[in-house]
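Peer 1: Contents of coords_35.cif (mmCIF, C-alpha atoms and all ligand atoms) are given next:
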data_coords
loop_
_atom_site.label_atom_id
_atom_site.label_comp_id
_atom_site.auth_asym_id
_atom_site.auth_seq_id
_atom_site.Cartn_x
_atom_site.Cartn_y
_atom_site.Cartn_z
CA MET G 1 -24.50 3.58 -22.72
CA LYS G 2 -21.96 2.37 -25.28
CA HIS G 3 -18.51 2.17 -23.70
CA ILE G 4 -15.57 -0.03 -24.55
CA ALA G 5 -14.08 -1.19 -21.25
CA ARG G 6 -10.57 0.13 -20.69
CA LYS G 7 -8.19 -2.47 -19.38
CA ARG G 8 -5.74 0.06 -18.00
CA PHE G 9 -8.45 1.39 -15.70
CA GLY G 10 -9.40 -2.10 -14.50
CA GLN G 11 -12.89 -1.71 -15.90
CA HIS G 12 -15.19 -4.65 -15.14
CA PHE G 13 -18.73 -3.36 -14.86
CA LEU G 14 -21.18 -5.06 -12.53
CA LYS G 15 -24.09 -6.20 -14.64
CA ASP G 16 -25.94 -8.59 -12.36
CA ARG G 17 -28.98 -6.93 -10.73
CA GLN G 18 -29.05 -9.33 -7.81
CA VAL G 19 -25.39 -8.68 -6.92
CA LEU G 20 -25.97 -4.94 -7.21
CA SER G 21 -28.99 -5.11 -4.95
CA ASP G 22 -27.11 -7.35 -2.46
CA LEU G 23 -24.34 -4.78 -2.40
CA VAL G 24 -26.77 -1.91 -1.75
CA ALA G 25 -28.48 -3.98 0.97
CA ALA G 26 -25.08 -4.60 2.59
CA ILE G 27 -24.28 -0.88 2.51
CA SER G 28 -27.78 0.01 3.75
CA PRO G 29 -27.56 3.70 2.78
CA GLN G 30 -29.52 6.15 4.94
CA THR G 31 -30.64 9.60 3.81
CA THR G 32 -28.32 11.39 6.24
CA ASP G 33 -25.20 9.44 5.19
CA HIS G 34 -22.26 11.13 3.47
CA VAL G 35 -21.29 8.53 0.87
CA ILE G 36 -18.25 8.65 -1.42
CA GLU G 37 -18.12 6.19 -4.32
CA ILE G 38 -14.79 5.33 -5.90
CA GLY G 39 -14.88 4.39 -9.58
CA PRO G 40 -18.60 4.76 -10.36
CA GLY G 41 -18.01 3.65 -13.96
CA THR G 42 -21.24 3.65 -15.95
CA GLY G 43 -23.17 4.31 -12.75
CA ALA G 44 -24.82 0.94 -12.06
CA LEU G 45 -24.23 1.15 -8.30
CA THR G 46 -24.41 4.96 -8.28
CA GLN G 47 -27.97 5.06 -9.59
CA LEU G 48 -29.16 2.52 -7.03
CA LEU G 49 -27.48 4.41 -4.18
CA LEU G 50 -29.11 7.64 -5.35
CA LYS G 51 -32.51 6.03 -4.77
CA HIS G 52 -31.69 6.17 -1.05
CA LEU G 53 -29.48 9.24 -0.82
CA PRO G 54 -30.15 12.89 -1.60
CA ARG G 55 -26.60 13.24 -2.90
CA LEU G 56 -23.44 11.28 -3.50
CA THR G 57 -19.81 12.19 -4.10
CA ALA G 58 -17.84 10.16 -6.66
CA ILE G 59 -14.27 10.00 -7.95
CA GLU G 60 -13.72 8.58 -11.44
CA ILE G 61 -10.63 8.64 -13.65
CA ASP G 62 -12.21 7.98 -17.05
CA ARG G 63 -13.22 11.29 -18.68
CA ASP G 64 -15.78 9.65 -20.99
CA LEU G 65 -17.53 8.00 -18.06
CA VAL G 66 -17.48 11.25 -16.11
CA GLU G 67 -19.20 12.99 -19.04
CA HIS G 68 -21.78 10.22 -19.19
CA LEU G 69 -22.46 10.42 -15.46
CA LYS G 70 -22.79 14.19 -15.59
CA LYS G 71 -25.53 13.79 -18.20
CA ALA G 72 -27.22 10.95 -16.35
CA CYS G 73 -27.33 12.52 -12.87
CA PRO G 74 -28.19 16.10 -11.85
CA PRO G 75 -25.12 17.97 -10.52
CA ASP G 76 -26.75 18.75 -7.19
CA ARG G 77 -27.18 15.01 -6.58
CA LEU G 78 -23.94 13.58 -7.97
CA LEU G 79 -20.84 15.59 -7.09
CA ILE G 80 -18.29 14.03 -9.38
CA HIS G 81 -14.52 14.56 -9.31
CA GLN G 82 -12.58 13.49 -12.38
CA GLY G 83 -9.12 12.19 -11.54
CA ASP G 84 -6.91 9.46 -10.19
CA VAL G 85 -8.09 8.44 -6.73
CA LEU G 86 -4.49 7.58 -5.80
CA ARG G 87 -3.56 11.26 -6.24
CA PHE G 88 -6.83 12.66 -5.00
CA ASP G 89 -6.66 14.88 -1.94
CA PHE G 90 -9.38 13.33 0.22
CA ARG G 91 -9.38 16.43 2.43
CA ARG G 92 -11.40 18.04 -0.38
CA VAL G 93 -14.34 15.76 0.30
CA ILE G 94 -13.77 14.46 3.83
CA THR G 95 -14.55 17.51 5.93
CA ASP G 96 -17.04 17.62 8.78
CA GLY G 97 -18.85 14.53 9.97
CA GLN G 98 -18.48 10.84 9.31
CA TYR G 99 -18.19 9.37 5.85
CA ARG G 100 -18.98 6.06 4.20
CA LEU G 101 -16.89 4.85 1.27
CA VAL G 102 -18.09 2.38 -1.32
CA GLY G 103 -16.88 1.02 -4.63
CA ASN G 104 -16.33 -1.83 -6.98
CA LEU G 105 -12.63 -1.07 -7.06
CA PRO G 106 -10.20 -1.44 -9.92
CA TYR G 107 -8.13 -4.36 -8.69
CA ASN G 108 -4.78 -2.96 -9.82
CA ILE G 109 -5.01 -0.04 -7.38
CA SER G 110 -6.94 -1.58 -4.50
CA THR G 111 -4.03 -2.22 -2.11
CA PRO G 112 -2.39 1.22 -2.43
CA LEU G 113 -5.82 2.82 -2.10
CA LEU G 114 -6.61 0.91 1.10
CA PHE G 115 -3.32 2.10 2.60
CA ARG G 116 -3.97 5.67 1.44
CA LEU G 117 -7.29 5.73 3.26
CA ILE G 118 -5.92 4.62 6.65
CA PRO G 119 -5.06 8.15 7.84
CA PHE G 120 -8.70 9.13 7.27
CA ALA G 121 -10.11 6.20 9.23
CA ASP G 122 -11.23 8.37 12.14
CA ARG G 123 -13.45 10.34 9.72
CA ILE G 124 -14.71 7.25 7.89
CA ARG G 125 -17.41 5.17 9.53
CA ASP G 126 -17.14 2.25 7.14
CA GLN G 127 -16.01 1.09 3.72
CA HIS G 128 -17.75 -1.46 1.50
CA PHE G 129 -15.54 -2.54 -1.36
CA MET G 130 -15.68 -5.19 -4.05
CA LEU G 131 -12.16 -6.54 -4.37
CA GLN G 132 -10.31 -9.54 -5.66
CA LYS G 133 -11.35 -12.38 -3.33
CA GLU G 134 -7.75 -13.34 -2.66
CA VAL G 135 -7.02 -9.79 -1.45
CA VAL G 136 -10.01 -9.86 0.93
CA GLU G 137 -8.79 -13.20 2.29
CA ARG G 138 -5.42 -11.62 3.03
CA MET G 139 -7.08 -8.61 4.67
CA ILE G 140 -9.11 -10.70 7.13
CA ALA G 141 -6.58 -13.53 7.66
CA ALA G 142 -5.84 -14.67 11.22
CA PRO G 143 -2.35 -15.25 12.63
CA GLY G 144 -0.93 -18.65 11.74
CA SER G 145 -2.59 -18.78 8.32
CA LYS G 146 -0.83 -18.59 4.98
CA ALA G 147 -2.73 -15.47 3.95
CA TYR G 148 -1.75 -13.54 7.11
CA GLY G 149 0.77 -10.81 6.42
CA ARG G 150 1.45 -7.12 5.97
CA LEU G 151 -1.99 -6.32 4.55
CA SER G 152 -3.79 -8.18 7.37
CA ILE G 153 -1.84 -6.48 10.15
CA LEU G 154 -1.80 -2.91 8.84
CA LEU G 155 -5.53 -2.97 8.13
CA GLN G 156 -6.71 -5.02 11.14
CA TRP G 157 -5.04 -2.50 13.41
CA ARG G 158 -7.46 0.16 12.12
CA TYR G 159 -10.56 -1.72 10.93
CA GLN G 160 -12.80 -4.54 11.92
CA MET G 161 -13.35 -6.44 8.67
CA ASP G 162 -15.65 -9.11 7.29
CA LEU G 163 -15.98 -10.84 3.94
CA LEU G 164 -19.70 -10.46 3.19
CA PHE G 165 -20.12 -12.48 0.00
CA THR G 166 -18.21 -13.68 -3.04
CA VAL G 167 -19.02 -12.79 -6.64
CA PRO G 168 -18.12 -14.96 -9.64
CA PRO G 169 -16.52 -13.43 -12.78
CA ALA G 170 -19.67 -13.91 -14.90
CA MET G 171 -21.45 -11.17 -12.93
CA PHE G 172 -19.24 -8.53 -14.60
CA SER G 173 -18.78 -7.26 -18.12
CA PRO G 174 -16.13 -7.98 -19.26
CA PRO G 175 -15.55 -10.79 -16.74
CA PRO G 176 -12.34 -10.52 -14.69
CA ARG G 177 -10.08 -13.55 -14.52
CA VAL G 178 -10.48 -13.94 -10.78
CA GLU G 179 -13.26 -14.28 -8.24
CA SER G 180 -14.33 -11.19 -6.33
CA ALA G 181 -15.61 -10.57 -2.83
CA VAL G 182 -17.31 -7.76 -0.96
CA VAL G 183 -15.59 -6.67 2.23
CA ARG G 184 -17.02 -4.51 5.00
CA MET G 185 -14.43 -2.46 6.87
CA ILE G 186 -15.62 -0.68 10.00
CA SER G 187 -13.18 1.86 11.42
CA ARG G 188 -12.24 1.00 14.99
CA THR G 189 -13.30 3.78 17.33
CA ALA G 190 -10.53 3.01 19.84
CA PRO G 191 -7.64 1.43 17.91
CA GLN G 192 -4.63 0.27 19.92
CA PRO G 193 -2.31 3.32 20.19
CA CYS G 194 0.33 3.04 17.50
CA HIS G 195 2.60 4.99 15.14
CA PRO G 196 1.56 3.67 11.71
CA ASP G 197 5.03 4.36 10.23
CA LYS G 198 6.72 2.30 12.92
CA LEU G 199 4.20 -0.51 12.54
CA GLU G 200 4.69 -0.58 8.79
CA LYS G 201 8.47 -0.65 9.12
CA THR G 202 8.32 -3.51 11.64
CA VAL G 203 5.83 -5.60 9.67
CA THR G 204 7.60 -5.05 6.35
CA ALA G 205 10.89 -6.24 7.86
CA ALA G 206 9.26 -9.23 9.58
CA PHE G 207 7.60 -10.45 6.38
CA SER G 208 10.52 -9.66 4.07
CA GLN G 209 11.36 -13.36 4.31
CA ARG G 210 8.34 -15.27 5.55
CA ARG G 211 10.11 -18.51 6.22
CA LYS G 212 12.86 -17.02 8.35
CA MET G 213 12.80 -16.62 12.12
CA LEU G 214 12.04 -13.21 13.59
CA ARG G 215 15.45 -12.93 15.24
CA ASN G 216 16.94 -12.86 11.72
CA THR G 217 14.45 -10.73 9.81
CA LEU G 218 14.03 -8.23 12.63
CA ALA G 219 17.75 -8.03 13.48
CA PRO G 220 18.24 -4.71 11.62
CA LEU G 221 15.51 -3.11 13.78
CA PHE G 222 15.50 -4.86 17.17
CA ASP G 223 17.96 -6.86 19.23
CA GLU G 224 16.85 -10.20 20.62
CA ALA G 225 16.60 -8.79 24.15
CA THR G 226 13.85 -6.36 23.01
CA LEU G 227 11.89 -9.20 21.43
CA VAL G 228 12.11 -11.20 24.63
CA GLN G 229 11.26 -8.16 26.76
CA VAL G 230 7.91 -7.75 24.97
CA GLY G 231 7.18 -11.48 25.19
CA ILE G 232 8.10 -12.51 21.64
CA ASP G 233 9.95 -15.76 21.05
CA PRO G 234 12.79 -14.79 18.63
CA LEU G 235 12.60 -18.25 17.05
CA GLN G 236 9.03 -17.69 15.84
CA ARG G 237 8.14 -16.92 12.23
CA PRO G 238 6.36 -13.70 11.26
CA GLU G 239 2.90 -15.25 10.77
CA ASN G 240 2.82 -16.37 14.42
CA LEU G 241 2.62 -12.92 16.00
CA SER G 242 -0.71 -11.23 16.62
CA VAL G 243 -1.51 -7.70 15.45
CA GLU G 244 -1.29 -6.54 19.07
CA GLN G 245 2.20 -8.02 19.44
CA TYR G 246 3.40 -6.25 16.29
CA ILE G 247 2.05 -2.96 17.62
CA VAL G 248 3.69 -3.37 21.03
CA LEU G 249 7.00 -4.29 19.40
CA SER G 250 6.88 -1.46 16.86
CA GLU G 251 6.54 1.10 19.64
CA HIS G 252 10.13 0.21 20.65
CA LEU G 253 11.42 1.72 17.39
CA PRO G 254 12.74 5.26 17.68
CA LEU G 255 10.71 7.94 15.90
CA SER G 256 12.35 8.63 12.54
N1 LIG P 1 -18.61 0.91 -10.23
C1 LIG P 1 -18.69 0.42 -11.58
C2 LIG P 1 -19.45 -0.90 -11.62
O1 LIG P 1 -19.55 -1.52 -10.56
O2 LIG P 1 -19.89 -1.30 -12.67
C3 LIG P 1 -17.30 0.28 -12.24
C4 LIG P 1 -16.31 -0.61 -11.52
S1 LIG P 1 -14.81 -0.86 -12.40
C5 LIG P 1 -14.24 -2.35 -11.64
C6 LIG P 1 -13.68 0.28 -11.69
C7 LIG P 1 -13.96 1.75 -11.98
O3 LIG P 1 -12.91 2.55 -11.39
C8 LIG P 1 -13.96 2.13 -13.46
O4 LIG P 1 -15.02 2.98 -13.73
C9 LIG P 1 -12.61 2.84 -13.68
O5 LIG P 1 -12.62 3.77 -14.73
C10 LIG P 1 -12.41 3.50 -12.33
N2 LIG P 1 -10.99 3.73 -12.02
C11 LIG P 1 -9.92 2.97 -12.37
N3 LIG P 1 -8.78 3.48 -11.89
C12 LIG P 1 -9.12 4.59 -11.20
C13 LIG P 1 -8.38 5.57 -10.48
N4 LIG P 1 -7.04 5.46 -10.36
N5 LIG P 1 -9.04 6.58 -9.91
C14 LIG P 1 -10.40 6.69 -10.02
N6 LIG P 1 -11.17 5.80 -10.69
C15 LIG P 1 -10.54 4.76 -11.27
#
Show how you would write the structure in this file as structure tokens.

Peer 2:
Amino acid sequence: MKHIARKRFGQHFLKDRQVLSDLVAAISPQTTDHVIEIGPGTGALTQLLLKHLPRLTAIEIDRDLVEHLKKACPPDRLLIHQGDVLRFDFRRVITDGQYRLVGNLPYNISTPLLFRLIPFADRIRDQHFMLQKEVVERMIAAPGSKAYGRLSILLQWRYQMDLLFTVPPAMFSPPPRVESAVVRMISRTAPQPCHPDKLEKTVTAAFSQRRKMLRNTLAPLFDEATLVQVGIDPLQRPENLSVEQYIVLSEHLPLS
């Protein structure tokens, strides 16, 4: 189809057949799977997934692309919702059963979208997303590394994640300025008990000034005695605590 890529929607269409087939192989769709694709675009990935699935649900913001997809795929096979995925009520499509989410995501909305999906993690088996490589590196980063931070902790609490492969800009049309990577996120079936709001508050405060010691950045939330009580050295910097330690500490916050 003829379509001029819209920058504001982060449109970079995957054009390389090998990358598309690697992505489908990584997803490994099975006929009984409930799959939701975010940002199907011109349908390159959608059409390949539909070779394995009787039906697929998709959410796409661009009205022209939605019209195109409606013509290209029968309505009983592609259930398409036109709209902004950041405002989309996922309860409309995540009902009974376990879901699988996929997408070559628009990079400008990927982080807020990942956070928005966390409350649905118990209904989502896994997520396979193409993202900016640097974002995936932050998602999977281990304590002590430069990339470790808020994104790593808030997502690692809920998902087990792996970078599957990287994809150079030339594989897209138009090419993005940065390298991309495919991440697999498997929802943890027994995540460490935690109040996500408390964890977010704690981690945001800790990383508000990366180079400062925890006794300073966390002072508005916890006194030093609480840090010591849960086995945290107040002189450490935020990147030195594990996800588990952040969760244990955050549980000492009162419920707001
Ligand atoms: N899946 C296609 C592919 O791989 O070629 C397109 C990927 S393109 C990087 C991102 C897609 O997400 C575009 O089709 C774009 O219109 C759509 N999109 C951008 N922002 C969106 C939003 N807020 N909600 C839903 N879809 C969005």

Peer 1: Need the axis-aligned box for segment 111-128 of chain G with 6 Å each side, so what are the centre and edges in Å to one decimal, as lines of an AutoDock Vina configuration file?

Peer 2:
center_x = -10.1
center_y = 4.1
center_z = 4.9
size_x = 27.4
size_y = 24.6
size_z = 26.6

Peer 1: Any idea what's packed within 10 Å of Thr189 of chain G, counting all atoms listed in the file, ignoring anything in its chain fewer than 4 positions away? Could you give it as a list of chain:residue names?

Peer 2: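 Contacts, in chain order: G:Ala121, G:Asp122, G:Arg125, G:Arg158, G:Tyr159, G:Gln160.
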
Peer 1: Taking C-alpha atoms for each residue, export the selection above as a CSV table (one decimal), in the frame of the given file.

Peer 2:
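Dumped to part14.csv:
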chain,number,residue,atom,x,y,z
G,121,ALA,CA,-10.1,6.2,9.2
G,122,ASP,CA,-11.2,8.4,12.1
G,125,ARG,CA,-17.4,5.2,9.5
G,158,ARG,CA,-7.5,0.2,12.1
G,159,TYR,CA,-10.6,-1.7,10.9
G,160,GLN,CA,-12.8,-4.5,11.9

Peer 1: For atom CA of Thr42 of chain G and atom CA of Gln127 of chain G, quote the distance in Å rounded to one decimal.

Peer 2: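 Taking atom CA of Thr42 of chain G as the start and atom CA of Gln127 of chain G as the end point, the length is 20.5 Å.
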
Peer 1: Do a neighbour search on Val230 of chain G at 12 Å with all atoms listed in the file, toss out local chain neighbours closer than 4 positions, and write the hits as a list in words.

Peer 2: Phe222, Asp223, Glu224, Ala225, Thr226, Pro234, Leu241, Glu244, Gln245, Tyr246, Ile247, Val248, Leu249, Ser250, Glu251 and His252 of chain G

Peer 1: For the residues selected in the previous step, produce a file with C-alpha atoms as a PDB file, keeping the file's coordinate frame.

Peer 2:
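Writing done, so here's again_26.pdb:
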ATOM      1  CA  PHE G 222      15.500  -4.860  17.170  1.00  0.00           C
ATOM      2  CA  ASP G 223      17.960  -6.860  19.230  1.00  0.00           C
ATOM      3  CA  GLU G 224      16.850 -10.200  20.620  1.00  0.00           C
ATOM      4  CA  ALA G 225      16.600  -8.790  24.150  1.00  0.00           C
ATOM      5  CA  THR G 226      13.850  -6.360  23.010  1.00  0.00           C
ATOM      6  CA  PRO G 234      12.790 -14.790  18.630  1.00  0.00           C
ATOM      7  CA  LEU G 241       2.620 -12.920  16.000  1.00  0.00           C
ATOM      8  CA  GLU G 244      -1.290  -6.540  19.070  1.00  0.00           C
ATOM      9  CA  GLN G 245       2.200  -8.020  19.440  1.00  0.00           C
ATOM     10  CA  TYR G 246       3.400  -6.250  16.290  1.00  0.00           C
ATOM     11  CA  ILE G 247       2.050  -2.960  17.620  1.00  0.00           C
ATOM     12  CA  VAL G 248       3.690  -3.370  21.030  1.00  0.00           C
ATOM     13  CA  LEU G 249       7.000  -4.290  19.400  1.00  0.00           C
ATOM     14  CA  SER G 250       6.880  -1.460  16.860  1.00  0.00           C
ATOM     15  CA  GLU G 251       6.540   1.100  19.640  1.00  0.00           C
ATOM     16  CA  HIS G 252      10.130   0.210  20.650  1.00  0.00           C
TER      17      HIS G 252
END

Peer 1: Which residues, written as a VMD selection string, have at least one atom at most 8 Å from Val183 of chain G, with all atoms listed in the file counted and residues fewer than 3 positions away on the same chain left out?

Peer 2: chain G and resid 127 to 131 136 161 to 165

Peer 1: Distance limit 7 Å, reference ligand LIG 1 (chain P), atoms considered: only C-alpha atoms and all ligand atoms. Which residues make the cut? Give them as number ranges by chain.

Peer 2: G: 9-15, 38-45, 59-62, 83-86, 103-106, 109

Peer 1: For His195 of chain G, which of G:Leu253, G:Leu151, G:Leu218, G:Val243 is the closest residue, counting only C-alpha atoms?

Peer 2: G:Leu253

Peer 1: With all atoms listed in the file as the basis for distance, which of G:Ile4, G:Cys73, G:Ile118, G:Val19 is at the shortest distance from Thr166 of chain G?

Peer 2: G:Val19

Peer 1: Which of these, G:Arg77, G:Arg55, G:His34, G:Arg87, has the shortest distance to Arg100 of chain G once you count all atoms listed in the file?

Peer 2: G:His34

Peer 1: Taking 5 positions as the minimum chain separation for residues in the same chain, which residues sit within 9 Å of Leu48 of chain G when counting all atoms listed in the file? Answer as an NGL selection string.

Peer 2: :G and (20-21 or 24 or 43)

Peer 1: Atom CA of Cys194 of chain G to atom CA of Gly149 of chain G: how many Å, to one decimal?

Peer 2: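 Taking atom CA of Cys194 of chain G as the start and atom CA of Gly149 of chain G as the end point, the length is 17.7 Å.
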
Peer 1: With distances taken over only C-alpha atoms, which of G:Leu50, G:Ile94, G:Met1, G:Ala147 is nearest to Leu117 of chain G?

Peer 2: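 Using only C-alpha atoms, Leu117 of chain G sits closest to G:Ile94.
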
Peer 1: Using only C-alpha atoms, give me every residue within 10 Å of (-7.4, 13.7, 4.1) in file coordinates, as number ranges by chain.

Peer 2: G: 88-95, 116-121, 123

Peer 1: Take the residues that were just selected and, keeping C-alpha atoms, output them as a PDB file, in the coordinates of the input.

Peer 2:
ATOM      1  CA  PHE G  88      -6.830  12.660  -5.000  1.00  0.00           C
ATOM      2  CA  ASP G  89      -6.660  14.880  -1.940  1.00  0.00           C
ATOM      3  CA  PHE G  90      -9.380  13.330   0.220  1.00  0.00           C
ATOM      4  CA  ARG G  91      -9.380  16.430   2.430  1.00  0.00           C
ATOM      5  CA  ARG G  92     -11.400  18.040  -0.380  1.00  0.00           C
ATOM      6  CA  VAL G  93     -14.340  15.760   0.300  1.00  0.00           C
ATOM      7  CA  ILE G  94     -13.770  14.460   3.830  1.00  0.00           C
ATOM      8  CA  THR G  95     -14.550  17.510   5.930  1.00  0.00           C
ATOM      9  CA  ARG G 116      -3.970   5.670   1.440  1.00  0.00           C
ATOM     10  CA  LEU G 117      -7.290   5.730   3.260  1.00  0.00           C
ATOM     11  CA  ILE G 118      -5.920   4.620   6.650  1.00  0.00           C
ATOM     12  CA  PRO G 119      -5.060   8.150   7.840  1.00  0.00           C
ATOM     13  CA  PHE G 120      -8.700   9.130   7.270  1.00  0.00           C
ATOM     14  CA  ALA G 121     -10.110   6.200   9.230  1.00  0.00           C
ATOM     15  CA  ARG G 123     -13.450  10.340   9.720  1.00  0.00           C
TER      16      ARG G 123
END

Peer 1: One decimal, Å: what's the distance from atom CA of Leu255 of chain G over to atom CA of Gly144 of chain G, could you say?

Peer 2: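 Value for the atom CA of Leu255 of chain G-atom CA of Gly144 of chain G distance: 29.3 Å.
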
Peer 1: Could you give me, as a PyMOL selection string, the residues that have an atom at most 8 Å away from the point (-20.3, 7.6, -1.3) in the coordinates of the file, using all atoms listed in the file?

Peer 2: chain G and resi 34-38+56-58+99-102

Peer 1: I need the residues from that last selection saved to file as a tab-separated table (two decimals), in the coordinates of the input (with C-alpha atoms), if you can.

Peer 2:
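Written file, part.tsv:
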chain	number	residue	atom	x	y	z
G	34	HIS	CA	-22.26	11.13	3.47
G	35	VAL	CA	-21.29	8.53	0.87
G	36	ILE	CA	-18.25	8.65	-1.42
G	37	GLU	CA	-18.12	6.19	-4.32
G	38	ILE	CA	-14.79	5.33	-5.90
G	56	LEU	CA	-23.44	11.28	-3.50
G	57	THR	CA	-19.81	12.19	-4.10
G	58	ALA	CA	-17.84	10.16	-6.66
G	99	TYR	CA	-18.19	9.37	5.85
G	100	ARG	CA	-18.98	6.06	4.20
G	101	LEU	CA	-16.89	4.85	1.27
G	102	VAL	CA	-18.09	2.38	-1.32

Peer 1: Which one is closest to Leu199 of chain G: G:Asn108, G:Gln132, G:Gln156, G:Ser28? Count only C-alpha atoms.

Peer 2: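 For Leu199 of chain G, the nearest of the candidates is G:Gln156.
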
Peer 1: Of the candidates G:Pro174, G:Pro220, G:Pro254, G:Pro196, which shows the shortest atom-to-atom distance to Arg6 of chain G, using all atoms listed in the file?

Peer 2: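 Comparing G:Pro174, G:Pro220, G:Pro254, G:Pro196 against Arg6 of chain G, the winner is G:Pro174.
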